[in-house]
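Enquirer: Here you go, structure-v2.cif (mmCIF, C-alpha atoms and all ligand atoms):
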data_input
#
loop_
_atom_site.label_atom_id
_atom_site.label_comp_id
_atom_site.auth_asym_id
_atom_site.auth_seq_id
_atom_site.Cartn_x
_atom_site.Cartn_y
_atom_site.Cartn_z
CA MET A 1 0.00 0.00 0.00
CA ALA A 2 1.46 3.37 -1.02
CA LYS A 3 2.53 5.78 1.74
CA PHE A 4 1.69 9.47 1.55
CA GLY A 5 2.63 12.69 3.27
CA PHE A 6 0.22 15.61 3.41
CA ILE A 7 1.32 19.24 3.65
CA GLY A 8 -0.92 22.32 4.04
CA PHE A 9 -4.07 22.33 6.20
CA GLY A 10 -5.95 25.48 5.33
CA HIS A 11 -9.56 25.14 4.23
CA ARG A 12 -8.59 23.13 1.16
CA GLY A 13 -6.23 20.75 2.92
CA ILE A 14 -8.80 19.92 5.59
CA ASN A 15 -11.56 19.33 2.99
CA MET A 16 -9.33 17.03 0.97
CA LEU A 17 -8.20 15.18 4.11
CA GLU A 18 -11.83 14.59 5.08
CA CYS A 19 -12.62 13.33 1.58
CA LEU A 20 -9.71 10.89 1.82
CA LEU A 21 -10.50 9.65 5.32
CA ASP A 22 -14.26 9.27 4.77
CA HIS A 23 -14.50 8.06 1.19
CA ILE A 24 -11.27 6.48 -0.05
CA ASP A 25 -9.13 3.55 1.08
CA GLY A 26 -6.07 1.68 -0.13
CA TYR A 27 -3.37 4.17 0.98
CA GLU A 28 -1.63 5.21 4.19
CA ILE A 29 -0.91 8.75 5.44
CA VAL A 30 2.40 8.62 7.32
CA ALA A 31 3.24 12.31 7.88
CA ILE A 32 1.37 15.60 8.09
CA CYS A 33 2.75 19.12 8.16
CA ASP A 34 1.73 22.76 8.26
CA LEU A 35 3.77 25.83 9.13
CA MET A 36 1.08 26.75 11.69
CA GLU A 37 0.86 24.69 14.88
CA GLU A 38 -2.92 25.18 15.24
CA ARG A 39 -3.49 23.80 11.74
CA VAL A 40 -1.38 20.73 12.50
CA GLU A 41 -3.52 20.22 15.61
CA GLU A 42 -6.71 20.55 13.58
CA ALA A 43 -5.45 18.00 11.06
CA LYS A 44 -4.55 15.59 13.88
CA SER A 45 -8.05 15.93 15.33
CA HIS A 46 -9.55 14.57 12.08
CA PHE A 47 -7.66 11.30 12.55
CA GLU A 48 -8.43 11.18 16.29
CA LYS A 49 -12.17 11.67 15.96
CA ARG A 50 -12.39 8.83 13.45
CA GLY A 51 -10.37 6.54 15.75
CA LEU A 52 -7.51 6.40 13.21
CA LYS A 53 -3.80 6.29 13.98
CA VAL A 54 -2.40 9.84 13.99
CA PRO A 55 0.53 10.13 11.54
CA PHE A 56 3.83 11.79 12.39
CA ALA A 57 2.87 15.49 12.72
CA THR A 58 5.17 18.50 12.51
CA THR A 59 5.51 22.19 11.66
CA SER A 60 8.97 21.53 10.22
CA GLU A 61 9.35 20.86 6.52
CA ASP A 62 12.75 19.20 7.18
CA GLU A 63 11.28 16.77 9.70
CA PHE A 64 8.42 16.02 7.33
CA PHE A 65 10.82 15.14 4.52
CA ASN A 66 12.71 12.76 6.80
CA VAL A 67 9.73 10.39 6.70
CA GLU A 68 9.73 7.70 4.00
CA MET A 69 6.84 8.14 1.60
CA ASP A 70 5.85 7.39 -2.00
CA GLY A 71 3.57 10.36 -2.62
CA MET A 72 2.72 13.68 -1.06
CA PHE A 73 -0.38 15.86 -1.19
CA ILE A 74 0.66 19.52 -1.53
CA MET A 75 -2.23 21.71 -0.38
CA ALA A 76 -0.05 24.68 0.55
CA TYR A 77 -0.29 28.23 -0.68
CA TRP A 78 0.79 29.06 -4.22
CA GLU A 79 4.28 30.34 -3.36
CA SER A 80 5.20 26.95 -1.87
CA HIS A 81 3.90 24.72 -4.67
CA ILE A 82 6.87 24.37 -7.00
CA PRO A 83 9.61 24.46 -4.31
CA LEU A 84 7.84 21.68 -2.37
CA ALA A 85 7.21 19.63 -5.53
CA ILE A 86 10.87 19.85 -6.56
CA ARG A 87 12.07 18.90 -3.10
CA ALA A 88 9.74 15.89 -3.16
CA MET A 89 10.82 14.73 -6.64
CA LYS A 90 14.49 14.93 -5.65
CA LYS A 91 13.67 12.55 -2.77
CA GLY A 92 11.90 10.10 -5.09
CA ILE A 93 8.44 11.15 -3.91
CA ILE A 94 5.73 11.68 -6.59
CA PRO A 95 4.05 14.94 -5.56
CA GLY A 96 0.36 15.66 -6.08
CA LEU A 97 0.20 19.41 -6.46
CA GLU A 98 -2.86 21.54 -5.74
CA VAL A 99 -3.74 24.03 -8.45
CA GLY A 100 -2.50 27.59 -8.89
CA GLY A 101 -0.27 29.42 -11.32
CA ALA A 102 3.52 29.64 -11.24
CA TYR A 103 5.50 32.77 -10.37
CA THR A 104 8.24 32.50 -12.97
CA ILE A 105 8.90 30.62 -16.18
CA GLU A 106 12.24 29.53 -14.69
CA ASP A 107 10.32 27.68 -11.94
CA CYS A 108 8.35 25.79 -14.60
CA PHE A 109 11.56 24.83 -16.41
CA GLU A 110 13.05 23.72 -13.09
CA LEU A 111 10.07 21.43 -12.51
CA VAL A 112 10.60 19.81 -15.93
CA LYS A 113 14.39 19.57 -15.42
CA THR A 114 13.84 17.87 -12.08
CA TYR A 115 11.57 15.30 -13.72
CA GLU A 116 14.08 14.69 -16.51
CA GLU A 117 16.93 14.21 -14.02
CA THR A 118 15.06 12.09 -11.47
CA GLY A 119 12.48 10.25 -13.59
CA ILE A 120 9.89 11.27 -10.96
CA HIS A 121 6.83 13.05 -12.33
CA THR A 122 4.72 15.61 -10.54
CA MET A 123 0.93 15.49 -10.98
CA LEU A 124 -1.19 18.62 -10.91
CA LEU A 125 -4.35 17.79 -8.95
CA GLU A 126 -6.63 19.60 -11.38
CA ASN A 127 -9.94 18.21 -10.20
CA CYS A 128 -11.93 20.00 -12.95
CA CYS A 129 -10.44 17.60 -15.52
CA TYR A 130 -12.70 14.99 -13.87
CA GLY A 131 -15.90 17.08 -13.95
CA LYS A 132 -18.96 15.12 -15.07
CA THR A 133 -19.59 17.52 -17.95
CA GLU A 134 -15.92 18.02 -18.86
CA LEU A 135 -15.23 14.26 -18.98
CA THR A 136 -18.43 13.54 -20.89
CA VAL A 137 -17.59 16.21 -23.47
CA LEU A 138 -14.01 14.83 -23.69
CA LYS A 139 -15.42 11.39 -24.48
CA MET A 140 -17.77 12.87 -27.10
CA VAL A 141 -14.91 14.82 -28.69
CA ARG A 142 -12.84 11.63 -28.90
CA GLU A 143 -15.82 9.89 -30.55
CA GLY A 144 -15.93 12.68 -33.15
CA LEU A 145 -19.37 13.97 -32.16
CA PHE A 146 -18.23 17.61 -32.21
CA GLY A 147 -16.29 17.19 -35.48
CA ASP A 148 -13.07 19.20 -35.64
CA VAL A 149 -12.76 21.28 -32.49
CA VAL A 150 -11.53 24.76 -33.48
CA HIS A 151 -12.09 26.88 -30.38
CA CYS A 152 -12.60 26.42 -26.65
CA SER A 153 -13.12 28.87 -23.85
CA GLY A 154 -13.55 28.80 -20.12
CA GLY A 155 -13.16 30.90 -17.05
CA TYR A 156 -12.69 30.96 -13.35
CA HIS A 157 -15.83 32.93 -12.57
CA HIS A 158 -15.90 32.85 -8.78
CA ASP A 159 -16.70 35.82 -6.57
CA LEU A 160 -13.80 35.65 -4.09
CA ARG A 161 -14.08 39.20 -2.71
CA LYS A 162 -14.74 37.94 0.81
CA GLU A 163 -11.94 35.36 0.80
CA ILE A 164 -9.43 37.88 -0.55
CA SER A 165 -10.46 40.87 1.58
CA TYR A 166 -10.50 38.91 4.83
CA GLY A 167 -7.02 37.54 4.05
CA VAL A 168 -5.38 39.05 7.15
CA GLN A 169 -7.97 37.53 9.49
CA LYS A 170 -7.86 34.20 7.62
CA LYS A 171 -4.07 34.24 7.12
CA HIS A 172 -4.78 33.62 3.44
CA TYR A 173 -2.29 33.92 0.57
CA ARG A 174 -4.69 35.39 -2.03
CA LEU A 175 -4.70 38.89 -0.47
CA ARG A 176 -0.97 39.48 -0.97
CA ASN A 177 -1.18 38.13 -4.51
CA TYR A 178 -4.01 40.48 -5.47
CA ILE A 179 -2.04 43.41 -4.08
CA SER A 180 1.25 42.60 -5.76
CA ARG A 181 0.35 41.01 -9.11
CA ASN A 182 -1.79 41.51 -12.19
CA CYS A 183 -2.14 38.27 -14.15
CA GLU A 184 -4.27 35.22 -15.00
CA ASN A 185 -3.53 33.83 -11.54
CA TYR A 186 -5.74 30.71 -11.68
CA PRO A 187 -5.77 29.34 -15.22
CA THR A 188 -6.01 25.60 -14.76
CA HIS A 189 -9.64 24.94 -13.76
CA GLU A 190 -10.70 25.80 -17.28
CA LEU A 191 -7.46 25.23 -19.18
CA GLY A 192 -6.98 21.68 -17.83
CA PRO A 193 -10.08 20.13 -19.42
CA ILE A 194 -9.54 22.20 -22.59
CA ALA A 195 -5.90 21.10 -22.88
CA LYS A 196 -7.04 17.47 -22.68
CA ILE A 197 -9.66 18.04 -25.40
CA LEU A 198 -7.08 19.71 -27.66
CA ASN A 199 -4.34 17.08 -27.00
CA ILE A 200 -1.92 19.70 -25.65
CA ASN A 201 1.53 18.10 -25.20
CA ARG A 202 0.23 15.01 -27.02
CA GLY A 203 0.21 16.03 -30.68
CA ASN A 204 -0.52 19.71 -30.13
CA ARG A 205 0.92 22.54 -28.07
CA MET A 206 0.19 26.07 -26.97
CA LEU A 207 2.23 28.55 -29.03
CA GLN A 208 1.58 32.05 -27.68
CA LEU A 209 -0.78 34.16 -25.63
CA SER A 210 -2.03 37.70 -25.26
CA SER A 211 -3.57 38.86 -21.98
CA PHE A 212 -5.55 41.96 -21.11
CA ALA A 213 -6.59 43.18 -17.68
CA SER A 214 -9.53 45.44 -16.89
CA LYS A 215 -9.30 48.15 -14.26
CA THR A 216 -9.48 47.23 -10.57
CA LYS A 217 -12.67 48.30 -8.82
CA GLY A 218 -14.36 45.29 -7.24
CA LEU A 219 -12.19 44.87 -4.14
CA HIS A 220 -12.09 48.61 -3.37
CA LYS A 221 -15.89 48.76 -3.42
CA TYR A 222 -16.18 45.59 -1.30
CA ILE A 223 -13.70 46.91 1.27
CA ASN A 224 -15.58 50.20 1.55
CA ASP A 225 -18.84 48.30 2.04
CA HIS A 226 -17.23 46.28 4.90
CA ILE A 227 -15.01 49.00 6.30
CA GLU A 228 -15.83 48.15 9.94
CA ASP A 229 -13.82 44.88 9.52
CA LEU A 230 -11.48 45.99 6.77
CA SER A 231 -10.26 49.47 7.73
CA HIS A 232 -6.64 48.17 7.59
CA LEU A 233 -7.13 47.87 3.79
CA LYS A 234 -8.63 51.34 3.35
CA ASP A 235 -5.64 52.74 1.45
CA THR A 236 -4.46 49.49 -0.10
CA GLN A 237 -3.87 49.67 -3.82
CA PHE A 238 -4.75 46.41 -5.57
CA ASN A 239 -2.86 45.57 -8.74
CA GLN A 240 -4.99 42.69 -9.93
CA GLY A 241 -7.49 43.65 -12.66
CA ASP A 242 -11.07 42.56 -12.05
CA ILE A 243 -11.33 40.68 -15.35
CA VAL A 244 -8.32 39.21 -17.12
CA THR A 245 -8.85 37.85 -20.64
CA THR A 246 -6.22 35.62 -22.21
CA VAL A 247 -6.17 34.43 -25.82
CA ILE A 248 -3.99 31.42 -26.59
CA THR A 249 -3.14 30.04 -30.03
CA CYS A 250 -2.22 26.41 -30.61
CA ALA A 251 0.06 24.60 -33.07
CA ASN A 252 -2.88 22.79 -34.69
CA GLY A 253 -4.71 26.05 -35.32
CA GLU A 254 -7.18 26.18 -32.41
CA THR A 255 -7.74 29.21 -30.20
CA ILE A 256 -8.47 29.19 -26.47
CA VAL A 257 -9.92 32.07 -24.44
CA LEU A 258 -9.50 32.06 -20.65
CA THR A 259 -11.18 34.52 -18.28
CA LEU A 260 -10.19 35.23 -14.69
CA ASP A 261 -13.18 36.80 -12.98
CA THR A 262 -12.96 36.75 -9.17
CA THR A 263 -13.63 40.24 -7.81
CA LEU A 264 -17.06 41.26 -9.14
CA PRO A 265 -20.46 39.99 -7.98
CA ARG A 266 -21.74 36.99 -9.94
CA ALA A 267 -22.65 33.29 -9.63
CA TYR A 268 -20.02 30.57 -9.95
CA SER A 269 -19.22 29.15 -13.38
CA ARG A 270 -16.30 27.69 -15.28
CA GLY A 271 -17.84 28.86 -18.56
CA PHE A 272 -16.69 25.70 -20.29
CA THR A 273 -17.34 26.04 -24.05
CA VAL A 274 -16.30 23.77 -26.89
CA ARG A 275 -16.87 24.75 -30.53
CA GLY A 276 -16.53 22.16 -33.28
CA THR A 277 -17.53 21.73 -36.90
CA ASN A 278 -20.40 19.37 -35.95
CA GLY A 279 -21.56 20.92 -32.70
CA SER A 280 -20.92 23.00 -29.62
CA TYR A 281 -21.28 22.72 -25.85
CA PHE A 282 -22.03 25.81 -23.69
CA GLU A 283 -21.78 25.51 -19.90
CA GLU A 284 -23.35 28.92 -19.25
CA ASN A 285 -26.77 27.51 -20.23
CA ASP A 286 -25.71 23.84 -20.05
CA SER A 287 -26.67 23.07 -23.62
CA VAL A 288 -25.28 21.08 -26.51
CA PHE A 289 -26.11 22.15 -30.06
CA PHE A 290 -25.57 19.83 -32.99
CA ASP A 291 -25.54 20.67 -36.69
CA THR A 292 -28.90 18.95 -37.23
CA GLU A 293 -32.13 20.13 -38.82
CA GLU A 294 -33.89 19.69 -35.49
CA ASP A 295 -31.46 21.93 -33.55
CA HIS A 296 -31.39 24.57 -36.29
CA LYS A 297 -35.20 24.93 -35.97
CA PHE A 298 -34.48 26.59 -32.61
CA HIS A 299 -31.74 28.86 -33.92
CA PHE A 300 -33.44 32.01 -32.54
CA ASP A 301 -35.15 30.50 -29.50
CA TRP A 302 -32.48 28.15 -28.30
CA TYR A 303 -33.41 29.00 -24.71
CA LYS A 304 -36.04 26.24 -25.08
CA HIS A 305 -33.14 23.76 -25.05
CA PHE A 306 -31.20 25.29 -22.19
CA ARG A 307 -30.16 22.51 -19.79
CA ASN A 308 -30.31 19.75 -22.42
CA GLY A 309 -26.80 18.98 -21.11
CA GLU A 310 -28.56 16.72 -18.60
CA LYS A 311 -29.74 14.45 -21.42
CA MET A 312 -26.26 14.61 -23.01
CA ARG A 313 -24.68 13.42 -19.75
CA GLU A 314 -27.22 10.58 -19.48
CA GLU A 315 -26.63 9.39 -23.04
CA HIS A 316 -22.86 9.83 -23.27
CA LEU A 317 -21.69 9.58 -19.67
CA HIS A 318 -17.94 8.97 -19.32
CA PRO A 319 -17.06 5.47 -18.01
CA LEU A 320 -15.37 6.93 -14.89
CA TRP A 321 -18.61 8.65 -13.93
CA LYS A 322 -20.60 5.49 -14.71
CA LYS A 323 -18.40 3.49 -12.39
CA TYR A 324 -17.66 6.01 -9.63
CA GLY A 325 -20.53 8.50 -9.91
CA ALA A 326 -22.41 7.09 -6.93
CA ALA A 327 -19.29 7.10 -4.74
CA ALA A 328 -18.24 10.57 -5.92
CA ASP A 329 -21.66 12.21 -5.57
CA GLY A 330 -21.90 14.24 -2.41
CA THR A 331 -18.11 14.60 -2.03
CA GLY A 332 -16.34 17.95 -2.57
CA HIS A 333 -16.94 20.10 -5.65
CA ASP A 334 -19.65 17.82 -7.10
CA GLY A 335 -17.53 14.70 -6.84
CA ILE A 336 -14.39 15.86 -8.62
CA ASP A 337 -12.29 15.96 -5.44
CA TYR A 338 -12.96 12.25 -4.96
CA LEU A 339 -12.02 11.45 -8.56
CA ILE A 340 -8.77 13.44 -8.60
CA LEU A 341 -7.69 11.84 -5.32
CA LYS A 342 -8.41 8.38 -6.73
CA ALA A 343 -6.49 9.28 -9.91
CA TYR A 344 -3.46 10.45 -7.95
CA ILE A 345 -3.45 7.47 -5.60
CA GLU A 346 -3.64 5.10 -8.58
CA THR A 347 -0.68 6.93 -10.20
CA VAL A 348 1.49 6.65 -7.09
CA GLU A 349 0.47 3.05 -6.38
CA LYS A 350 1.43 2.00 -9.95
CA LYS A 351 4.37 4.45 -10.20
CA ALA A 352 2.88 5.35 -13.59
CA ILE A 353 3.03 8.45 -15.79
CA PRO A 354 0.30 10.65 -14.27
CA PRO A 355 -2.77 11.58 -16.33
CA ILE A 356 -1.66 15.20 -15.75
CA ASP A 357 2.11 14.91 -15.94
CA THR A 358 5.03 17.28 -15.37
CA TYR A 359 4.86 18.74 -18.89
CA ASP A 360 1.14 19.46 -18.46
CA THR A 361 1.74 20.92 -15.01
CA ALA A 362 4.57 23.18 -16.19
CA SER A 363 2.81 24.42 -19.33
CA TRP A 364 -0.52 25.08 -17.60
CA MET A 365 1.10 26.85 -14.63
CA ALA A 366 3.28 28.90 -17.00
CA ILE A 367 0.21 30.78 -18.25
CA THR A 368 0.34 32.89 -15.08
CA PRO A 369 3.80 34.51 -15.44
CA LEU A 370 3.38 34.75 -19.22
CA SER A 371 0.05 36.56 -18.82
CA GLU A 372 1.75 38.93 -16.36
CA GLN A 373 4.36 39.78 -19.01
CA SER A 374 1.76 40.26 -21.72
CA ILE A 375 -0.45 42.52 -19.56
CA LYS A 376 2.57 44.69 -18.76
CA MET A 377 3.14 45.09 -22.50
CA GLY A 378 -0.46 46.07 -23.24
CA GLY A 379 -1.50 42.61 -24.44
CA ALA A 380 1.51 41.99 -26.69
CA PRO A 381 1.83 38.33 -27.75
CA VAL A 382 4.23 36.28 -25.61
CA ALA A 383 5.62 32.91 -26.75
CA ILE A 384 4.69 29.89 -24.63
CA PRO A 385 7.81 27.73 -24.27
CA ASP A 386 7.81 24.15 -25.52
CA PHE A 387 8.62 22.41 -22.26
CA THR A 388 8.63 19.04 -24.06
CA LYS A 389 11.53 20.08 -26.34
CA GLY A 390 9.70 18.79 -29.41
CA LYS A 391 8.32 15.61 -27.84
CA TRP A 392 4.77 17.00 -28.03
CA ALA A 393 4.72 16.07 -31.73
CA MET A 394 5.83 12.46 -31.16
CA PRO A 395 3.26 9.68 -30.74
CA ARG A 396 2.62 8.64 -27.15
CA GLU A 397 1.56 5.29 -25.83
CA LYS A 398 -1.96 5.23 -24.44
CA SER A 399 -1.97 5.27 -20.67
CA GLU A 400 -3.07 2.08 -18.97
CA LEU A 401 -4.31 3.93 -15.90
CA GLU A 402 -7.99 3.55 -15.12
CA PHE A 403 -8.08 7.32 -14.49
CA ALA A 404 -6.31 8.21 -17.75
CA LEU A 405 -7.43 11.36 -19.54
CA ASP A 406 -6.34 10.21 -23.03
N1 LIG B 501 -8.85 22.38 -6.66
C1 LIG B 501 -9.74 23.11 -6.00
O1 LIG B 501 -10.94 22.99 -6.21
C2 LIG B 501 -9.24 24.05 -4.95
C3 LIG B 501 -10.14 24.70 -4.10
C4 LIG B 501 -9.63 25.55 -3.12
C5 LIG B 501 -8.26 25.76 -3.02
N2 LIG B 501 -7.42 25.11 -3.87
C6 LIG B 501 -5.96 25.27 -3.77
O2 LIG B 501 -5.55 24.73 -2.52
C7 LIG B 501 -4.40 25.39 -2.04
C8 LIG B 501 -4.61 25.82 -0.60
O3 LIG B 501 -5.70 26.69 -0.51
P1 LIG B 501 -6.25 27.17 0.92
O4 LIG B 501 -7.38 28.07 0.63
O5 LIG B 501 -6.46 26.02 1.80
O6 LIG B 501 -4.98 28.03 1.42
P2 LIG B 501 -4.55 28.48 2.88
O7 LIG B 501 -3.55 29.58 2.73
O8 LIG B 501 -5.74 28.71 3.74
O9 LIG B 501 -3.81 27.20 3.43
C9 LIG B 501 -2.54 26.83 2.98
C10 LIG B 501 -1.82 26.18 4.15
O10 LIG B 501 -0.55 25.71 3.68
C11 LIG B 501 0.41 25.97 4.69
N3 LIG B 501 1.72 26.01 4.05
C12 LIG B 501 2.12 26.86 3.07
N4 LIG B 501 3.39 26.60 2.73
C13 LIG B 501 3.81 25.59 3.52
C14 LIG B 501 5.05 24.90 3.65
N5 LIG B 501 6.09 25.18 2.88
N6 LIG B 501 5.11 23.92 4.58
C15 LIG B 501 4.04 23.62 5.35
N7 LIG B 501 2.87 24.24 5.28
C16 LIG B 501 2.74 25.21 4.35
C17 LIG B 501 -0.01 27.28 5.30
O11 LIG B 501 0.51 27.43 6.60
C18 LIG B 501 -1.54 27.15 5.29
O12 LIG B 501 -2.04 26.60 6.48
C19 LIG B 501 -4.16 26.55 -3.00
O13 LIG B 501 -3.17 26.17 -3.90
C20 LIG B 501 -5.47 26.70 -3.75
O14 LIG B 501 -5.28 27.22 -5.03
C21 LIG B 501 -7.89 24.27 -4.82
#
Would you give me this structure, written as structure tokens?
Ligand SMILES: NC(=O)c1ccc[n+]([C@@H]2O[C@H](COP(=O)([O-])OP(=O)(O)OC[C@H]3O[C@@H](n4cnc5c(N)ncnc54)[C@H](O)[C@@H]3O)[C@@H](O)[C@H]2O)c1
Expert:
Amino acid sequence: MAKFGFIGFGHRGINMLECLLDHIDGYEIVAICDLMEERVEEAKSHFEKRGLKVPFATTSEDEFFNVEMDGMFIMAYWESHIPLAIRAMKKGIIPGLEVGGAYTIEDCFELVKTYEETGIHTMLLENCCYGKTELTVLKMVREGLFGDVVHCSGGYHHDLRKEISYGVQKKHYRLRNYISRNCENYPTHELGPIAKILNINRGNRMLQLSSFASKTKGLHKYINDHIEDLSHLKDTQFNQGDIVTTVITCANGETIVLTLDTTLPRAYSRGFTVRGTNGSYFEENDSVFFDTEEDHKFHFDWYKHFRNGEKMREEHLHPLWKKYGAAADGTGHDGIDYLILKAYIETVEKKAIPPIDTYDTASWMAITPLSEQSIKMGGAPVAIPDFTKGKWAMPREKSELEFALD
């Protein structure tokens, strides 16, 4: 049975730990760590109250890395992601890395270099790749139902004004990032599933991007509206634009549009959209439109078919959702936390190439620093490096993992 460490017990770390302890077996957690003593204590209490053996627990990264383990959940804040992953890989540990963008392109190259020197992959734990809709559409794309896919878009549309503004009280990393940076800081929830659909790093690659940031108003307004709690932020200047739009071009001719949208009022969405020569899927109204006489009859009153995505998911459901849907339902983020954890545990157990490997991780995380450069230059195109050094164009063997995203 594979042994795992677990580092980072903020809100996310605790949720993922609970999902593991309550819903998944076939692994062992041997060490837990957080920089903050009270968070280590909270993590311990989740083992204690379930009558489980408490793993070795520490606030020291060095002590944590002295424990023998095969894999390691990294649920830390963004600044720690790549340094922790590299340290793990150098020790022969396959890290499972929570999502977030990188800070520099050099860090992304370092991640790839570490894989190439050690043979140990890192796996980005991009749970949205396992979304019921995203996986079902992936399957339909592979079956040719959308024809040639020419354009995809998506966004991280999530009103985070409270989480960001209360960052001092919550000791949360997002606040400092929104003050100091202006970039597409969270690209992978939408880019991950799109990259799989477009075979990025497996016959295709992202070539260049242009990013544009709107002005910054949402947080200032929110802080003024909650000034009794947030007076310490009264004069804070935020750098992060409210809406960041990124256009990416791909080697096989497709375009991708990503939107970061986290500081204005709205309902949650990932805006997942796939446009092909035979049909299109639109998450915003959960509908699939095919190039059929029947669908064209509703060209101007398509609202009558809003939510026909439900029928699409019934008819074309991805095998992973057929098999694990019941177990996943009711777990975090509509079941995708369960599925990504299962995928990562399978990867470590089999010491296999992860479904989201180091090249995917590096190229998806690289969007953040590249978007920062492009925004600074008024949206000028910036080249996206080929982290695979040409291997993206070579044929790849199909993964034998049950949780493959081929
Ligand atoms: N996939 C998803 O759906 C999803 C949802 C929420 C958050 N996240 C991701 O989860 C991560 C954590 O988010 P959060 O909201 O829990 O953050 P948080 O800041 O509340 O918690 C992070 C914790 O990591 C600890 N930490 C940071 N660096 C460390 C290090 N080097 N050693 C030990 N401990 C360290 C911090 O002390 C803190 O307790 C982020 O990367 C975020 O993007 C993903």
Enquirer: Counting all atoms listed in the file, name the residues that have an atom within 8 Å of an atom of ligand LIG 501 (chain B); the answer should be given as a PyMOL selection string.
Expert: chain A and resi 7-14+33-36+39+59-61+74-81+84+97-100+125-128+170-174+186+189+333+337
Enquirer: Considering only C-alpha atoms, can you say which of A:Thr104, A:Ser180, A:Ser211, A:Asn278 comes closest to Thr249 of chain A?
Expert: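 Result for the nearest residue to Thr249 of chain A: A:Ser211.
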Enquirer: For each of A:Asp148, A:Glu117, A:Glu254, A:Glu284, take the minimum atom-to-atom distance to Gln208 of chain A, counting only C-alpha atoms, then give the residue where this is smallest.
Expert: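 Distance minimum relative to Gln208 of chain A lands on A:Glu254.
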Enquirer: Given all atoms listed in the file as the basis, pick out the residue of A:Arg142, A:Arg205, A:Arg275, A:Lys113 nearest to Ser363 of chain A.
Expert: A:Arg205
Enquirer: Leaving out segment 393-402 of chain A and any residue of its chain fewer than 6 positions from it, which residues lie within 7 Å of it when counting only C-alpha atoms, given as a list in words?
Expert: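 Near segment 393-402 of chain A, the qualifying residues are Arg202, Gly203 and Asn204 of chain A.
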Enquirer: Name the closest residue to Ser153 of chain A among the candidates A:Glu283, A:Glu315, A:Glu28, A:Glu346; distances are taken between atoms, counting only C-alpha atoms.
Expert: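 Looking at the shortest contact to Ser153 of chain A, the residue is A:Glu283.
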Enquirer: How many Å separate atom CA of Ser214 of chain A from atom CA of Tyr156 of chain A?
Expert: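 A separation of 15.2 Å between them.
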Enquirer: In Å, with one decimal, what is the gap from atom CA of Leu191 of chain A to atom CA of Phe6 of chain A?
Expert: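 It comes out at 25.7 Å.
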Enquirer: Determine the nearest neighbour of Asp107 of chain A from the options A:Pro83, A:Gly92, A:Gly379, A:Gly325, counting all atoms listed in the file.
Expert: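 The answer is A:Pro83, which sits nearest to Asp107 of chain A.
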Enquirer: Looking at all atoms listed in the file, which of A:Asp329, A:Asp225, A:Asp286, A:Glu293 is the one that sits closest to His23 of chain A?
Expert: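 The closest residue to His23 of chain A is A:Asp329.
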